[in-house]
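This is protein_19.csv (CSV, N, CA and C atoms).
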```csv
chain,number,residue,atom,x,y,z
A,16,MET,N,-35.4,9.8,-5.1
A,16,MET,CA,-34.9,8.5,-5.6
A,16,MET,C,-33.4,8.7,-5.9
A,17,GLY,N,-32.6,7.6,-5.9
A,17,GLY,CA,-31.2,7.7,-6.1
A,17,GLY,C,-30.9,7.6,-7.6
A,18,GLU,N,-29.7,7.6,-7.9
A,18,GLU,CA,-29.3,7.5,-9.3
A,18,GLU,C,-29.2,6.1,-9.8
A,19,ILE,N,-29.2,5.9,-11.1
A,19,ILE,CA,-29.2,4.5,-11.6
A,19,ILE,C,-27.7,4.1,-11.7
A,20,LYS,N,-27.4,2.9,-11.1
A,20,LYS,CA,-26.0,2.4,-11.1
A,20,LYS,C,-25.9,1.2,-12.0
A,21,ALA,N,-24.7,0.8,-12.3
A,21,ALA,CA,-24.5,-0.4,-13.1
A,21,ALA,C,-24.2,-1.6,-12.2
A,22,CYS,N,-24.7,-2.8,-12.7
A,22,CYS,CA,-24.4,-4.0,-12.0
A,22,CYS,C,-22.9,-4.3,-11.9
A,23,GLY,N,-22.5,-4.7,-10.7
A,23,GLY,CA,-21.1,-5.0,-10.5
A,23,GLY,C,-20.6,-6.2,-11.3
A,24,GLU,N,-21.4,-7.0,-11.8
A,24,GLU,CA,-21.0,-8.3,-12.5
A,24,GLU,C,-21.2,-8.1,-14.0
A,25,CYS,N,-22.4,-7.8,-14.4
A,25,CYS,CA,-22.8,-7.8,-15.8
A,25,CYS,C,-22.8,-6.4,-16.5
A,26,GLY,N,-23.0,-5.3,-15.7
A,26,GLY,CA,-23.0,-4.0,-16.2
A,26,GLY,C,-24.4,-3.5,-16.5
A,27,LYS,N,-25.4,-4.3,-16.4
A,27,LYS,CA,-26.8,-3.8,-16.7
A,27,LYS,C,-27.2,-2.8,-15.6
A,28,PRO,N,-28.1,-1.8,-16.0
A,28,PRO,CA,-28.5,-0.8,-15.1
A,28,PRO,C,-29.3,-1.4,-13.9
A,29,ILE,N,-29.1,-0.9,-12.7
A,29,ILE,CA,-29.8,-1.3,-11.5
A,29,ILE,C,-30.8,-0.2,-11.2
A,30,LEU,N,-32.0,-0.4,-11.2
A,30,LEU,CA,-33.0,0.6,-10.8
A,30,LEU,C,-33.0,0.8,-9.3
A,31,PRO,N,-33.0,2.0,-8.8
A,31,PRO,CA,-33.0,2.2,-7.4
A,31,PRO,C,-34.3,1.7,-6.7
A,32,ARG,N,-34.2,1.1,-5.6
A,32,ARG,CA,-35.4,0.7,-4.9
A,32,ARG,C,-36.0,1.8,-4.0
A,33,SER,N,-37.2,1.7,-3.7
A,33,SER,CA,-37.8,2.7,-2.9
A,33,SER,C,-37.6,2.3,-1.4
A,34,GLY,N,-37.6,3.2,-0.5
A,34,GLY,CA,-37.4,2.9,0.9
A,34,GLY,C,-36.0,3.0,1.3
A,35,ARG,N,-35.8,2.5,2.5
A,35,ARG,CA,-34.4,2.5,3.2
A,35,ARG,C,-33.7,1.3,2.9
A,36,GLY,N,-32.4,1.3,3.3
A,36,GLY,CA,-31.6,0.1,3.2
A,36,GLY,C,-30.4,0.3,2.3
A,37,ARG,N,-29.6,-0.7,2.3
A,37,ARG,CA,-28.3,-0.6,1.5
A,37,ARG,C,-28.7,-0.6,0.0
A,38,PRO,N,-28.0,0.2,-0.8
A,38,PRO,CA,-28.2,0.2,-2.2
A,38,PRO,C,-27.7,-1.1,-2.8
A,39,ARG,N,-28.4,-1.5,-3.9
A,39,ARG,CA,-28.1,-2.8,-4.5
A,39,ARG,C,-26.7,-2.6,-5.3
A,40,SER,N,-26.0,-3.7,-5.4
A,40,SER,CA,-24.7,-3.8,-6.1
A,40,SER,C,-24.9,-4.6,-7.4
A,41,TYR,N,-25.9,-5.5,-7.4
A,41,TYR,CA,-26.1,-6.4,-8.5
A,41,TYR,C,-27.5,-6.4,-8.9
A,42,CYS,N,-27.7,-6.7,-10.2
A,42,CYS,CA,-29.1,-6.6,-10.8
A,42,CYS,C,-30.0,-7.8,-10.4
A,43,SER,N,-29.4,-8.9,-10.1
A,43,SER,CA,-30.1,-10.1,-9.8
A,43,SER,C,-29.4,-11.0,-8.9
A,44,PRO,N,-30.1,-12.0,-8.3
A,44,PRO,CA,-29.4,-13.0,-7.4
A,44,PRO,C,-28.4,-13.8,-8.2
A,45,GLU,N,-28.6,-14.0,-9.4
A,45,GLU,CA,-27.6,-14.8,-10.2
A,45,GLU,C,-26.3,-14.0,-10.4
A,46,CYS,N,-26.4,-12.7,-10.6
A,46,CYS,CA,-25.1,-11.9,-10.7
A,46,CYS,C,-24.5,-11.8,-9.3
A,47,SER,N,-25.2,-11.7,-8.3
A,47,SER,CA,-24.7,-11.7,-6.9
A,47,SER,C,-23.9,-13.0,-6.6
A,48,ALA,N,-24.5,-14.1,-7.0
A,48,ALA,CA,-23.9,-15.4,-6.7
A,48,ALA,C,-22.6,-15.6,-7.6
A,49,ALA,N,-22.7,-15.1,-8.8
A,49,ALA,CA,-21.5,-15.2,-9.7
A,49,ALA,C,-20.3,-14.4,-9.2
A,50,ALA,N,-20.6,-13.2,-8.7
A,50,ALA,CA,-19.6,-12.4,-8.1
A,50,ALA,C,-19.0,-13.0,-6.8
A,51,LYS,N,-19.9,-13.6,-6.0
A,51,LYS,CA,-19.4,-14.3,-4.8
A,51,LYS,C,-18.5,-15.5,-5.1
A,52,ARG,N,-18.9,-16.3,-6.2
A,52,ARG,CA,-18.0,-17.4,-6.6
A,52,ARG,C,-16.7,-16.9,-7.1
A,53,LYS,N,-16.7,-15.8,-7.8
A,53,LYS,CA,-15.4,-15.3,-8.4
A,53,LYS,C,-14.5,-14.8,-7.2
A,54,ARG,N,-15.1,-14.1,-6.2
A,54,ARG,CA,-14.3,-13.7,-5.1
A,54,ARG,C,-13.7,-14.9,-4.3
A,55,SER,N,-14.6,-15.9,-4.1
A,55,SER,CA,-14.2,-17.1,-3.4
A,55,SER,C,-13.0,-17.9,-4.2
A,56,ASP,N,-13.2,-18.0,-5.5
A,56,ASP,CA,-12.1,-18.6,-6.3
A,56,ASP,C,-10.8,-17.9,-6.2
A,57,GLU,N,-10.8,-16.6,-6.2
A,57,GLU,CA,-9.6,-15.8,-6.1
A,57,GLU,C,-9.0,-16.0,-4.7
A,58,HIS,N,-9.8,-16.0,-3.7
A,58,HIS,CA,-9.3,-16.2,-2.4
A,58,HIS,C,-8.7,-17.6,-2.2
A,59,ASN,N,-9.4,-18.6,-2.7
A,59,ASN,CA,-8.9,-20.0,-2.5
A,59,ASN,C,-7.7,-20.3,-3.4
A,60,GLN,N,-7.4,-19.5,-4.4
A,60,GLN,CA,-6.2,-19.8,-5.2
A,60,GLN,C,-5.0,-18.9,-4.8
A,61,ALA,N,-5.2,-18.1,-3.8
A,61,ALA,CA,-4.0,-17.3,-3.4
A,61,ALA,C,-3.0,-18.2,-2.8
A,62,VAL,N,-1.7,-17.8,-2.9
A,62,VAL,CA,-0.6,-18.6,-2.4
A,62,VAL,C,-0.7,-18.8,-0.9
A,63,ARG,N,-0.8,-20.0,-0.5
A,63,ARG,CA,-1.0,-20.3,0.9
A,63,ARG,C,0.3,-20.4,1.7
A,64,VAL,N,0.8,-19.3,2.0
A,64,VAL,CA,2.0,-19.2,2.9
A,64,VAL,C,1.6,-18.4,4.1
A,65,PRO,N,1.9,-18.9,5.3
A,65,PRO,CA,1.5,-18.2,6.5
A,65,PRO,C,2.0,-16.8,6.5
A,66,GLY,N,1.1,-15.8,6.8
A,66,GLY,CA,1.5,-14.4,6.8
A,66,GLY,C,1.2,-13.7,5.5
A,67,ASN,N,0.9,-14.4,4.4
A,67,ASN,CA,0.4,-13.7,3.2
A,67,ASN,C,-1.0,-13.3,3.4
A,68,ARG,N,-1.4,-12.3,2.6
A,68,ARG,CA,-2.7,-11.8,2.6
A,68,ARG,C,-3.4,-12.1,1.2
A,69,CYS,N,-4.7,-12.3,1.3
A,69,CYS,CA,-5.5,-12.5,0.1
A,69,CYS,C,-5.4,-11.2,-0.7
A,70,PRO,N,-5.1,-11.3,-2.0
A,70,PRO,CA,-5.1,-10.1,-2.8
A,70,PRO,C,-6.5,-9.4,-3.0
A,71,THR,N,-7.5,-10.2,-2.9
A,71,THR,CA,-8.9,-9.7,-3.1
A,71,THR,C,-9.4,-9.0,-1.8
A,72,CYS,N,-9.3,-9.7,-0.7
A,72,CYS,CA,-10.0,-9.1,0.5
A,72,CYS,C,-9.0,-8.7,1.6
A,73,GLY,N,-7.7,-9.0,1.5
A,73,GLY,CA,-6.8,-8.7,2.5
A,73,GLY,C,-6.8,-9.6,3.7
A,74,HIS,N,-7.6,-10.6,3.7
A,74,HIS,CA,-7.6,-11.6,4.8
A,74,HIS,C,-6.3,-12.3,5.0
A,75,LEU,N,-5.8,-12.4,6.2
A,75,LEU,CA,-4.6,-13.1,6.5
A,75,LEU,C,-4.8,-14.6,6.3
A,76,LEU,N,-3.9,-15.2,5.4
A,76,LEU,CA,-4.1,-16.6,5.0
A,76,LEU,C,-3.3,-17.5,6.0
A,77,LYS,N,-3.9,-18.7,6.1
A,77,LYS,CA,-3.2,-19.8,6.9
A,77,LYS,C,-2.8,-20.8,5.9
A,78,GLU,N,-1.8,-21.6,6.3
A,78,GLU,CA,-1.4,-22.7,5.4
A,78,GLU,C,-2.5,-23.8,5.3
A,79,LYS,N,-2.7,-24.3,4.1
A,79,LYS,CA,-3.7,-25.4,3.9
A,79,LYS,C,-3.3,-26.6,4.7
A,80,ALA,N,-4.3,-27.2,5.3
A,80,ALA,CA,-4.0,-28.4,6.1
A,80,ALA,C,-4.0,-29.7,5.3
```
Please, can you express the file's structure as C-alpha cells?
Amino acid sequence: MGEIKACGECGKPILPRSGRGRPRSYCSPECSAAAKRKRSDEHNQAVRVPGNRCPTCGHLLKEKA
C-alpha cells in the first residue's frame, strides 16, 4: 500500500486505495469540485491580452470576444 497523502484542497488525510490507477489528490468529490472552480476562476480572471499566458496553467490566452 502507498503512503497517506493530504487532500490538495482541505488538507485532510487521503487513504490509499487498493489496486491500480492514479493516486487520489482530493479526499472527496466536493473538494475536487472546489479545486476545479478555484482553478477556473483564476484562469478566467487572468488579463486577457493576446499572447499572455494563464498564471495557473500556462495556457495561451485569447482576447475575450
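Using only C-alpha atoms, the shortest contact distance between A:Pro38 and any of A:Glu18, A:Cys69, A:Gly26, A:Leu76 is found at A:Glu18.
The gap separating atom C of A:Ile19 from atom C of A:Ser47 is 18.2 Å, in Å to one decimal.
Relative to atom CA of A:Asn67, atom CA of A:Ala50 is found at 23.0 Å.
Atom pair atom CA of A:Lys20 / atom CA of A:Lys53 has a distance of 20.8 Å (rounded to one decimal).
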Q: Kindly indicate which residue among A:Cys42, A:Gly36, A:His74, A:Glu57 lies nearest to A:Glu24, using only N, CA and C atoms for the distances.
A: A:Cys42
Q: Could you give me, as a list in words, each residue of stretch 25-64 of chain A that DSSP assigns to alpha helix (DSSP H) when run on this structure's backbone?
A: Pro44, Glu45, Cys46, Ser47, Ala48, Ala49, Ala50, Lys51, Arg52, Lys53, Arg54, Ser55, Asp56, Glu57, His58 and Asn59 of chain A
